[in-house]
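Participant: For reference, the structure I am asking about is given below.
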Amino acid sequence: MEIVVSGEQYSVEWDAPTRTAALKGILRLNGLEEYGPIARFLSSAVPEGKMTLDVRSLEFLNSSGIAMLSKFVIEIRNRKTVDLNVVGSTAISWQGKSLANLCKLMPSLKMEII
Amino acid sequence: MSDMVGRYRECGAATKEGLELSFSASSIPLKQRWRNNGLSADFLADYVTTFFPRVENDPKSLARQQEIRGAVNYIANELLENAMKYSDEHLTQPISIKLVMEADSILFVESNATNAARGRAFQAFVTELATSDPTELYVTQLERGVETGGSGLGLITMVNDYGAQLGWKFDDLGDGAMRVTTQVLLEI
Ligand SMILES: Nc1ncnc2c1ncn2[C@@H]1O[C@H](COP(=O)(O)OP(=O)(O)O)[C@@H](O)[C@H]1O
Ligand SMILES: [Mg+2]
């Protein structure tokens with residue numbers, strides 16, 4: 001596990017063996033521009049094959065962050081080379097409310113909320 | 001003359017139990033003030049939990065408290081981010097956010113001043129929001145060019161994901177300024 005992007009209240013960690021990117025903490029960045037480093041990491045992490053996005057420890061995500069994840073999922077859908085899994089948690093309120101939107105954007109996405 | 005869009009309740013916020021925070025326009029750069037949005041949203045969300053106490057041996061009461069806390073935190077944070085991003089710093093007009101507790105709902109009322117051009121663009125956007133299918137608009141907004149640096153999903157997710165009812169009031173302040181008030185009704 002290696003920290004690839006981090007800020008005062010959040011980190012993005014990458015686990016190469018399992019091809020898992022984990023978003024952790026609280027993300028309330030101002031606009032898509034501030035999400036740039038995270039967005040660029042996610043879209044370059046895996047050129048093809050399996051990838052897991054783990055948000056179980058992401059306690060808070062604002063709407064700009066939701067837009068960043070939505071755009072990432074659209075990009076993966078359009079590329080057609082990456083098999084994306086998203087793992088969320090029932091214990092975190094925003095995930096129950098907003099994660100399902102990602103499945104609407106990419107019906108082949110595998111979503112697991114545990 | 002006020003213009004109203006959506007479900008705006010003119011006397012909804014009157015004498016009921018509630019909490020109001022108000023901020024003055026500030027000379028501190030936005031980047032430094034940004035973290036206050038999160039602090040205020042966390043505070044409002046914690047405050048509300050008092051009204052939904054945990055009942056011992058009832059796990060449902062805890063789940064409900066956490067759900068309401070999360071929803072209040074998300075909505076308050078979005079309203080405060082918008083107020084910070086889009087209010088006009090040259091107008092020395094305060095920003096306010098108020099929570100009104102009701103038996104089966106929480107009403108948020110956020111108000112700020114902005115310039116007339118932004119105010120009119122906002123009015124056009126919310127008129128579209130009030131009359132479209134929010135699920136479709138979610139996808140449209142993602143594909144739309146990002147003119148403002150924003151994502152355009154804040155208000156839409158309140159409707160789409162949290163089932164909130166939104167309303168707006170636009171007041172002309174003269175001298176090219178407008179006061180915009182956003183109400184969010186969250187049923188609980
Ligand atoms: N408080 C406000 N004052 C003025 N304009 C606003 C306000 N809130 C929202 N707007 C306008 O409405 C648009 C949509 O807001 P929102 O859904 O929160 O998306 P975003 O903040 O990502 O742009 C904003 O881009 C802005 O033009
Ligand atoms: Mg916003």
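Identifiers in this document derive from the order of the structure tokens: chains are assigned A, B, ..., residues are numbered from 1 separately in each chain, and ligands are numbered from 1 in order of occurrence.
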I want to know what sits within 7 Å of segment 76-89 of chain A, based on only C-alpha atoms, with residues of the same chain fewer than 5 positions away left out; could you give that as a compact mmCIF listing (two decimals) with N, CA and C atoms, in the first residue's frame?
Facilitator:
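The file below, part.txt, is the result:
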# COMPACT_ATOMS: atom_id res chain seq x y z
N PRO A 47 -4.25 0.52 -17.14
CA PRO A 47 -4.61 0.65 -18.55
C PRO A 47 -5.62 -0.41 -19.00
N GLU A 48 -5.46 -1.63 -18.47
CA GLU A 48 -6.45 -2.66 -18.83
C GLU A 48 -6.51 -3.73 -17.76
N GLY A 49 -7.62 -4.46 -17.76
CA GLY A 49 -7.80 -5.53 -16.78
C GLY A 49 -8.57 -5.07 -15.56
N LYS A 50 -8.37 -5.77 -14.48
CA LYS A 50 -9.17 -5.54 -13.29
C LYS A 50 -8.67 -4.32 -12.49
N MET A 51 -9.62 -3.59 -11.94
CA MET A 51 -9.27 -2.50 -11.03
C MET A 51 -10.36 -2.39 -9.97
N THR A 52 -9.94 -2.14 -8.72
CA THR A 52 -10.92 -1.97 -7.65
C THR A 52 -10.79 -0.57 -7.07
N LEU A 53 -11.93 0.07 -6.89
CA LEU A 53 -11.97 1.37 -6.23
C LEU A 53 -12.65 1.15 -4.88
N ASP A 54 -11.89 1.36 -3.82
CA ASP A 54 -12.40 1.09 -2.47
C ASP A 54 -12.68 2.42 -1.77
N VAL A 55 -13.97 2.69 -1.50
CA VAL A 55 -14.32 3.95 -0.82
C VAL A 55 -14.84 3.71 0.59
N ARG A 56 -14.61 2.49 1.11
CA ARG A 56 -15.19 2.15 2.42
C ARG A 56 -14.77 3.10 3.53
N GLN A 95 -22.68 7.06 0.90
CA GLN A 95 -22.48 5.96 -0.04
C GLN A 95 -23.81 5.28 -0.37
N MET A 106 -22.66 3.21 -15.69
CA MET A 106 -21.93 2.08 -16.27
C MET A 106 -22.55 0.78 -15.76
N LEU A 109 -20.56 -2.16 -14.32
CA LEU A 109 -19.74 -1.96 -13.13
C LEU A 109 -20.18 -2.92 -12.02
N LYS A 110 -19.19 -3.45 -11.29
CA LYS A 110 -19.54 -4.32 -10.16
C LYS A 110 -19.46 -3.51 -8.88
N MET A 111 -20.60 -3.42 -8.22
CA MET A 111 -20.66 -2.61 -7.00
C MET A 111 -20.96 -3.52 -5.83
N GLU A 112 -20.14 -3.38 -4.80
CA GLU A 112 -20.35 -4.19 -3.62
C GLU A 112 -20.41 -3.23 -2.43
N ILE A 113 -21.54 -3.23 -1.72
CA ILE A 113 -21.63 -2.35 -0.55
C ILE A 113 -21.72 -3.26 0.68
N ILE A 114 -20.66 -3.27 1.47
CA ILE A 114 -20.59 -4.26 2.55
C ILE A 114 -20.49 -3.61 3.93
Participant: When DSSP works through the backbone of this structure, what residues of chain B end up as helix (DSSP H, G or I), shown as a PyMOL selection string?
Facilitator: chain B and resi 30-49+59-86+116-131+134-143+154-160
Participant: When distances are computed from only C-alpha atoms and all ligand atoms, which of A:Lys97, A:Arg28, A:Arg40, A:Arg19 shows the smallest separation from ligand 1?
Facilitator: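 That would be A:Arg28, the residue with the smallest distance to ligand 1.
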Participant: Within 12 Å of chain B, which residues of chain A show up when using only C-alpha atoms, listed as a count of residues only?
Facilitator: 46
Participant: In Å, how far is it from atom CA of Asp171 of chain B to atom CA of Arg7 of chain B?
Facilitator: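 The value is 16.2 Å.
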Participant: With only C-alpha atoms as the counted atoms, please give the residues lying no more than 9 Å from segment 174-184 of chain B, apart from itself and same-chain residues fewer than 5 positions off, as a PyMOL selection string.
Facilitator: chain B and resi 7-9+75+79+88+91+93+106-120+122-123+158+164-169
Participant: Taking the DSSP assignment computed from this structure's backbone, write out as a PyMOL selection string all residues of segment 62-184 of chain B that belong to strand (DSSP E).
Facilitator: chain B and resi 95-101+105-115+165-174+177-184
Participant: Choose the residue, out of B:Met101, B:Ile188, B:Val159, B:Ala83, that has the smallest atom-to-atom separation from ligand 1; count only C-alpha atoms and all ligand atoms.
Facilitator: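 Going through B:Met101, B:Ile188, B:Val159, B:Ala83 one by one, the smallest distance to ligand 1 is for B:Ala83.
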Participant: How many Å lie between atom CA of Pro59 of chain B and atom CA of Asp104 of chain B, rounded to one decimal?
Facilitator: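 Here the two named atoms are 20.1 Å from each other.
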Participant: Quick one, how far is atom CA of Ser61 of chain B from atom CA of Leu19 of chain B?
Facilitator: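 Pair atom CA of Ser61 of chain B / atom CA of Leu19 of chain B returns 22.9 Å.
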